[in-house]
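Contents: one structure, followed by commentary.
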Amino acid sequence: MSINQLDKKSQSWSALFAEPMSELVKRYTSSVSFDKRLWRADIEGSLAHAEMLEHQKIISTSDYQDIVAGLRRIGEEIHNNQFDWKLDLEDVHLNIEARLTQMVGDAGKRLHTGRSRNDQVATDVRLWLRDEIDEISDLLKQFQHSLLEVAETNVEVIMPGFTHLQVAQPISFAHHMLAYVEMFGRDLDRFREVRVRVNRLPLGSAALAGTSYPLDRERVARTLGMVDKEGAPCVCQNSLDAVSDRDFAVEFTSAAALCMVHISRMSEELVLWMSQNFGFIKLSDRFTTGSSIMPQKKNPDVPELARGKAGRVFGHLMGLLTLMKAQPLAYNKDNQEDKEPLFDTVDTLKDTLRIFDEMMGGQVDPKTAIRSGGIQVNVQAMKEAALKGYATATDLADYLVRKGLPFRDAHEAVAKIVRLAQELKKGLSDLPIAQLRAINPLIEEDVYSVLTLEGSLNARATLGGTAPGQIRMQIERWKKLL
Ligand code: ARG
């Protein structure tokens, strides 16, 4: 279809076609309802292409100037919601090009020289995604920062650490928060690495085989900031691959899916911790809802929804993989289906990160720099839960090992002590020394200092362990990194 026929598409077709497209097929094949979101990238790509065409003397300076003026005006129209998007014009690319031609005549028709929508759309999606990755990275850093603040004020707060969701050993609540800082740090790394492969130029590959015009692709890449760390242009090196590659979209969605895994693990814990059985935390009321029938209830809707939305992003990843599977080279219209999953992945992830940042860290008043809201920790409930579960049993075993008992025998002795404590409905540190010594005579009065939660925490001072000194070091490390 030529640009001359664009506006007439609904009424008549070129000589090649015997009948017009039905309304249903038009709706089915058109993408403008969602890909108009790419307008900024489309204009940016077109400006860079036109600049290069002029530089290479493929179009005249006056045509170039008309194109620039026209595209700028179109940008304003779209920005001000004055642009008339036409379903008949199929997608964002044809809509903008048709309007440009309407505005500046033949110059508009020359913009598409040496270009195809196939390399154009691949370029647009990459430009758009690059900006989104930058925003997501900022949001991730902000969220990590908030988690660090929560950690900083809770270094001495002790909770039970779990394995198999059974009380295992006492840990600091800050240590638990820092575990998530690590996860989101890896997410950040992944997005950074994906960005390198997103930031590469397909434009200049034309429909599939390259073009007969003397294009300078590296110039376009430089104009669009598609350069590596040394400033060298990053250009897709095979035209067939360039127009059909969507690896970058799969990789991005995969990184997003993994980030949502982390969000959903955190969500699950928040839901558990909020339940009456745990009672470890409270979230601000604005992140919970009541029940229409049970007046006492506050439901953790936000973490629950986030847990659910993880599934939706996994679905998009599966959708994109399936979309690409078995596509023959080069471009196929299947690829138009890459956009909605990508868009929704970006929207879901960004909203989730924003809301989690505020839910966990609260809001900082820009005037006073005072934080309010955020997760509220029930220090007493955490401590009681840690005391209830014989969480210092390992410390007792380690104590016996220090007194010379082999670890396996120590394990056995402590199991007996725990059983005794259970029978007497007492905590480990409530058992009298005589009863402890009856099970193993190596035990002496000094045992009580290792049976406290604080003693247990302090003892775990290996790198990455939960001792407060280690945690403070990790907080400092992250502060420097961020
Ligand atoms: N709207 C199309 C897409 O998203 C643009 C490329 C169309 N190319 C084509 N040869 N029909 O993929």
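We label chains A, B, ... in the order they appear in the structure tokens, count residues from 1 in each chain, and number ligands from 1 in the order shown.
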Please identify all protein, DNA and RNA residues within 12 Å of ligand 1, counting only C-alpha atoms and all ligand atoms, and report them as an mmCIF file with C-alpha atoms, in the first residue's frame.
```cif
data_model
loop_
_atom_site.group_PDB
_atom_site.id
_atom_site.type_symbol
_atom_site.label_atom_id
_atom_site.label_comp_id
_atom_site.auth_asym_id
_atom_site.auth_seq_id
_atom_site.Cartn_x
_atom_site.Cartn_y
_atom_site.Cartn_z
ATOM 1 C CA MET A 1 0.000 0.000 0.000
ATOM 2 C CA TYR A 28 -8.656 -7.476 13.465
ATOM 3 C CA THR A 29 -5.471 -6.403 11.732
ATOM 4 C CA SER A 30 -5.176 -2.858 12.988
ATOM 5 C CA SER A 31 -2.939 -2.083 15.946
ATOM 6 C CA VAL A 32 -3.357 1.665 16.271
ATOM 7 C CA SER A 33 -5.647 1.365 19.300
ATOM 8 C CA PHE A 34 -2.654 0.159 21.327
ATOM 9 C CA ASP A 35 0.519 0.969 19.377
ATOM 10 C CA LYS A 36 -0.282 4.699 19.299
ATOM 11 C CA ARG A 37 1.467 4.567 22.632
ATOM 12 C CA LEU A 38 4.725 4.388 20.638
ATOM 13 C CA ASP A 42 8.110 6.767 16.204
ATOM 14 C CA LEU A 87 -8.373 2.864 12.450
ATOM 15 C CA LEU A 89 -4.610 3.745 8.818
ATOM 16 C CA GLU A 90 -3.852 0.547 10.671
ATOM 17 C CA ASP A 91 -1.021 1.514 12.996
ATOM 18 C CA VAL A 92 0.880 4.367 14.629
ATOM 19 C CA HIS A 93 3.416 4.501 11.779
ATOM 20 C CA LEU A 94 0.923 4.961 8.947
ATOM 21 C CA ASN A 95 -1.171 7.402 10.985
ATOM 22 C CA ARG A 115 12.779 2.335 5.305
ATOM 23 C CA SER A 116 10.033 -0.210 5.927
ATOM 24 C CA ARG A 117 7.543 -0.485 8.736
ATOM 25 C CA ASN A 118 9.365 -3.686 9.628
ATOM 26 C CA ASP A 119 12.584 -1.977 10.688
ATOM 27 C CA GLN A 120 10.622 1.052 11.849
ATOM 28 C CA VAL A 121 8.470 -0.824 14.348
ATOM 29 C CA ALA A 122 11.423 -2.816 15.681
ATOM 30 C CA THR A 123 13.246 0.479 16.267
ATOM 31 C CA ASP A 124 10.242 2.121 17.915
ATOM 32 C CA VAL A 125 9.695 -0.700 20.370
ATOM 33 C CA ALA A 206 14.341 -1.955 5.499
ATOM 34 C CA ALA A 207 11.819 -4.727 4.817
ATOM 35 C CA LEU A 208 14.252 -7.610 5.312
ATOM 36 C CA VAL A 243 13.522 -6.919 11.608
ATOM 37 C CA SER A 244 12.411 -10.195 13.138
ATOM 38 C CA ASP A 245 14.296 -10.322 16.431
ATOM 39 C CA ARG A 246 12.184 -9.937 19.540
ATOM 40 C CA ALA A 330 12.024 -12.551 8.581
ATOM 41 C CA TYR A 331 9.161 -10.244 9.670
ATOM 42 C CA ASN A 332 5.721 -11.773 10.123
ATOM 43 C CA LYS A 333 2.579 -10.015 11.175
ATOM 44 C CA ASP A 334 2.590 -12.240 14.269
ATOM 45 C CA ASN A 335 5.065 -9.747 15.673
ATOM 46 C CA GLN A 336 2.361 -7.147 16.017
ATOM 47 C CA GLU A 337 1.202 -9.245 18.975
ATOM 48 C CA ASP A 338 4.376 -8.405 20.902
ATOM 49 C CA LYS A 339 3.067 -5.027 22.013
ATOM 50 C CA GLU A 340 0.160 -5.619 24.357
#
```
Pick out the residues sitting within 8 Å of Gly389 of chain A, and hand them over as a compact mmCIF listing (two decimals) with C-alpha atoms, in the first residue's frame; count only C-alpha atoms, and ignore anything fewer than 6 positions along from it in its own chain.
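Resulting contents of out-v1.txt:
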```txt
# COMPACT_ATOMS: atom_id res chain seq x y z
CA PRO A 160 11.75 -16.06 64.08
CA VAL A 167 10.37 -21.61 63.41
CA ALA A 168 14.06 -22.26 62.74
```
DSSP helix (DSSP H, G or I) selection over segment 254-359 of chain A, as an NGL selection string: :A and (254-274 or 285-287 or 301-324 or 333-359)
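Minimum atom-to-atom distance to Ile471 of chain A, evaluated using only C-alpha atoms, belongs to A:His175 out of A:Arg286, A:Lys57, A:His79, A:His175.
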Non-local contacts of Pro214 of chain A (10 Å; only C-alpha atoms; under 4 positions in same chain excluded) as a PyMOL selection string: chain A and resi 52-53+56-58+114+204
For the residues in that selection, give me N, CA, C and O atoms as an mmCIF file, in the first residue's frame.
```cif
data_model
loop_
_atom_site.group_PDB
_atom_site.id
_atom_site.type_symbol
_atom_site.label_atom_id
_atom_site.label_comp_id
_atom_site.auth_asym_id
_atom_site.auth_seq_id
_atom_site.Cartn_x
_atom_site.Cartn_y
_atom_site.Cartn_z
ATOM 1 N N MET A 52 19.565 11.731 8.674
ATOM 2 C CA MET A 52 20.577 10.950 7.964
ATOM 3 C C MET A 52 20.336 11.008 6.450
ATOM 4 O O MET A 52 21.281 11.163 5.665
ATOM 5 N N LEU A 53 19.050 10.930 6.031
ATOM 6 C CA LEU A 53 18.739 10.994 4.590
ATOM 7 C C LEU A 53 19.247 12.311 4.005
ATOM 8 O O LEU A 53 19.808 12.350 2.902
ATOM 9 N N GLN A 56 23.063 12.381 3.853
ATOM 10 C CA GLN A 56 23.547 11.525 2.751
ATOM 11 C C GLN A 56 23.086 12.037 1.383
ATOM 12 O O GLN A 56 23.269 11.362 0.383
ATOM 13 N N LYS A 57 22.433 13.183 1.400
ATOM 14 C CA LYS A 57 21.908 13.815 0.178
ATOM 15 C C LYS A 57 20.893 12.923 -0.552
ATOM 16 O O LYS A 57 20.766 12.951 -1.777
ATOM 17 N N ILE A 58 20.171 12.138 0.221
ATOM 18 C CA ILE A 58 19.116 11.309 -0.371
ATOM 19 C C ILE A 58 17.830 12.127 -0.467
ATOM 20 O O ILE A 58 17.022 11.961 -1.378
ATOM 21 N N GLY A 114 14.056 4.238 1.845
ATOM 22 C CA GLY A 114 15.046 3.335 2.453
ATOM 23 C C GLY A 114 14.583 2.756 3.776
ATOM 24 O O GLY A 114 15.385 2.274 4.566
ATOM 25 N N GLY A 204 17.303 0.740 8.932
ATOM 26 C CA GLY A 204 18.281 0.617 7.862
ATOM 27 C C GLY A 204 18.297 -0.808 7.302
ATOM 28 O O GLY A 204 18.960 -1.089 6.315
#
```
Those in segment 320-460 of chain A with strand (DSSP E or B) from DSSP, as a PyMOL selection string: chain A and resi 363-364+371-372+376-377
Using only C-alpha atoms: which of A:Leu353, A:Leu424, A:Leu224, A:Leu240 has the shortest distance to Leu147 of chain A: A:Leu353
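Considering only C-alpha atoms, the residue among A:Glu251, A:Leu165, A:Leu47, A:Gly362 positioned nearest to Phe278 of chain A is A:Leu165.
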Nearest to Ser146 of chain A, chosen from A:Arg371, A:Lys297, A:Arg192, A:Lys416, with only C-alpha atoms counted in the distances: A:Arg371
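Residue neighbourhood of Val250 of chain A, excluding near-sequence residues (fewer than 4 positions): Val194, Asp245, Arg246, Ser254, Ala255, Ala256, His316, Leu317, Met318, Gly319, Leu320, Leu321, Leu323, Met324, Asp338 and Leu342 of chain A, at 10 Å, using only C-alpha atoms.
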Next, write the just-selected residues to a file, as a compact mmCIF listing (two decimals), in the first residue's frame, keeping all heavy atoms as the atom set.
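File part_28.txt, as written:
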```txt
# COMPACT_ATOMS: atom_id res chain seq x y z
N VAL A 194 19.83 -6.38 30.13
CA VAL A 194 18.86 -6.45 29.03
C VAL A 194 18.92 -5.14 28.23
O VAL A 194 18.85 -5.16 27.00
CB VAL A 194 17.43 -6.68 29.57
CG1 VAL A 194 16.40 -6.55 28.46
CG2 VAL A 194 17.31 -8.05 30.22
N ASP A 245 13.87 -9.99 15.07
CA ASP A 245 14.30 -10.32 16.43
C ASP A 245 13.41 -9.66 17.47
O ASP A 245 13.20 -8.44 17.44
CB ASP A 245 15.75 -9.86 16.63
CG ASP A 245 16.18 -9.92 18.09
OD1 ASP A 245 15.71 -10.84 18.78
OD2 ASP A 245 16.97 -9.06 18.51
N ARG A 246 12.89 -10.48 18.37
CA ARG A 246 12.18 -9.94 19.54
C ARG A 246 12.77 -10.54 20.83
O ARG A 246 12.13 -10.53 21.87
CB ARG A 246 10.68 -10.22 19.47
CG ARG A 246 9.94 -9.53 18.32
CD ARG A 246 9.93 -8.00 18.45
NE ARG A 246 9.17 -7.37 17.38
CZ ARG A 246 9.67 -7.04 16.19
NH1 ARG A 246 10.95 -7.28 15.90
NH2 ARG A 246 8.91 -6.46 15.27
N SER A 254 11.13 -11.57 30.81
CA SER A 254 11.65 -12.57 31.73
C SER A 254 12.23 -11.90 32.98
O SER A 254 11.98 -12.36 34.11
CB SER A 254 12.70 -13.40 30.98
OG SER A 254 13.50 -14.09 31.87
N ALA A 255 12.96 -10.83 32.79
CA ALA A 255 13.49 -10.09 33.95
C ALA A 255 12.34 -9.53 34.78
O ALA A 255 12.39 -9.55 36.02
CB ALA A 255 14.42 -8.97 33.49
N ALA A 256 11.31 -9.06 34.09
CA ALA A 256 10.15 -8.50 34.81
C ALA A 256 9.43 -9.61 35.58
O ALA A 256 8.99 -9.41 36.72
CB ALA A 256 9.19 -7.84 33.83
N HIS A 316 2.46 -13.22 30.17
CA HIS A 316 3.00 -12.44 29.05
C HIS A 316 4.31 -13.03 28.55
O HIS A 316 4.58 -13.04 27.35
CB HIS A 316 3.23 -10.99 29.48
CG HIS A 316 1.95 -10.26 29.80
ND1 HIS A 316 0.79 -10.49 29.11
CD2 HIS A 316 1.66 -9.31 30.72
CE1 HIS A 316 -0.17 -9.72 29.60
NE2 HIS A 316 0.34 -9.00 30.57
N LEU A 317 5.13 -13.51 29.49
CA LEU A 317 6.40 -14.13 29.08
C LEU A 317 6.11 -15.37 28.23
O LEU A 317 6.70 -15.55 27.15
CB LEU A 317 7.22 -14.50 30.32
CG LEU A 317 8.50 -15.30 30.06
CD1 LEU A 317 9.47 -14.53 29.16
CD2 LEU A 317 9.19 -15.67 31.38
N MET A 318 5.20 -16.18 28.69
CA MET A 318 4.84 -17.39 27.94
C MET A 318 4.26 -17.01 26.58
O MET A 318 4.54 -17.64 25.57
CB MET A 318 3.84 -18.19 28.77
CG MET A 318 3.92 -19.69 28.66
SD MET A 318 5.57 -20.34 28.45
CE MET A 318 6.25 -20.09 30.06
N GLY A 319 3.44 -15.95 26.58
CA GLY A 319 2.84 -15.49 25.34
C GLY A 319 3.89 -15.07 24.33
O GLY A 319 3.82 -15.44 23.15
N LEU A 320 4.88 -14.33 24.78
CA LEU A 320 5.92 -13.85 23.86
C LEU A 320 6.78 -15.00 23.35
O LEU A 320 7.15 -15.04 22.17
CB LEU A 320 6.80 -12.80 24.56
CG LEU A 320 6.16 -11.42 24.74
CD1 LEU A 320 7.03 -10.53 25.61
CD2 LEU A 320 5.90 -10.75 23.39
N LEU A 321 7.11 -15.92 24.23
CA LEU A 321 7.91 -17.08 23.78
C LEU A 321 7.14 -17.84 22.71
O LEU A 321 7.70 -18.23 21.67
CB LEU A 321 8.21 -18.00 24.97
CG LEU A 321 9.28 -17.52 25.94
CD1 LEU A 321 9.26 -18.35 27.22
CD2 LEU A 321 10.67 -17.59 25.31
N LEU A 323 4.79 -16.70 20.83
CA LEU A 323 4.68 -15.85 19.64
C LEU A 323 5.88 -16.04 18.72
O LEU A 323 5.75 -16.07 17.50
CB LEU A 323 4.59 -14.39 20.11
CG LEU A 323 4.63 -13.30 19.05
CD1 LEU A 323 3.35 -13.31 18.26
CD2 LEU A 323 4.83 -11.94 19.69
N MET A 324 7.06 -16.13 19.30
CA MET A 324 8.28 -16.20 18.50
C MET A 324 8.59 -17.60 18.00
O MET A 324 9.25 -17.78 16.97
CB MET A 324 9.49 -15.70 19.32
CG MET A 324 9.42 -14.24 19.68
SD MET A 324 8.92 -13.19 18.31
CE MET A 324 10.30 -13.41 17.19
N ASP A 338 3.38 -8.56 19.82
CA ASP A 338 4.38 -8.40 20.90
C ASP A 338 4.03 -7.23 21.81
O ASP A 338 4.52 -7.15 22.94
CB ASP A 338 5.80 -8.22 20.33
CG ASP A 338 5.97 -6.93 19.52
OD1 ASP A 338 4.96 -6.22 19.28
OD2 ASP A 338 7.10 -6.63 19.11
N LEU A 342 3.94 -6.66 26.21
CA LEU A 342 5.03 -5.80 26.68
C LEU A 342 4.49 -4.59 27.45
O LEU A 342 4.98 -4.25 28.53
CB LEU A 342 5.83 -5.28 25.48
CG LEU A 342 7.15 -5.94 25.13
CD1 LEU A 342 7.80 -5.19 23.98
CD2 LEU A 342 8.08 -5.99 26.33
```
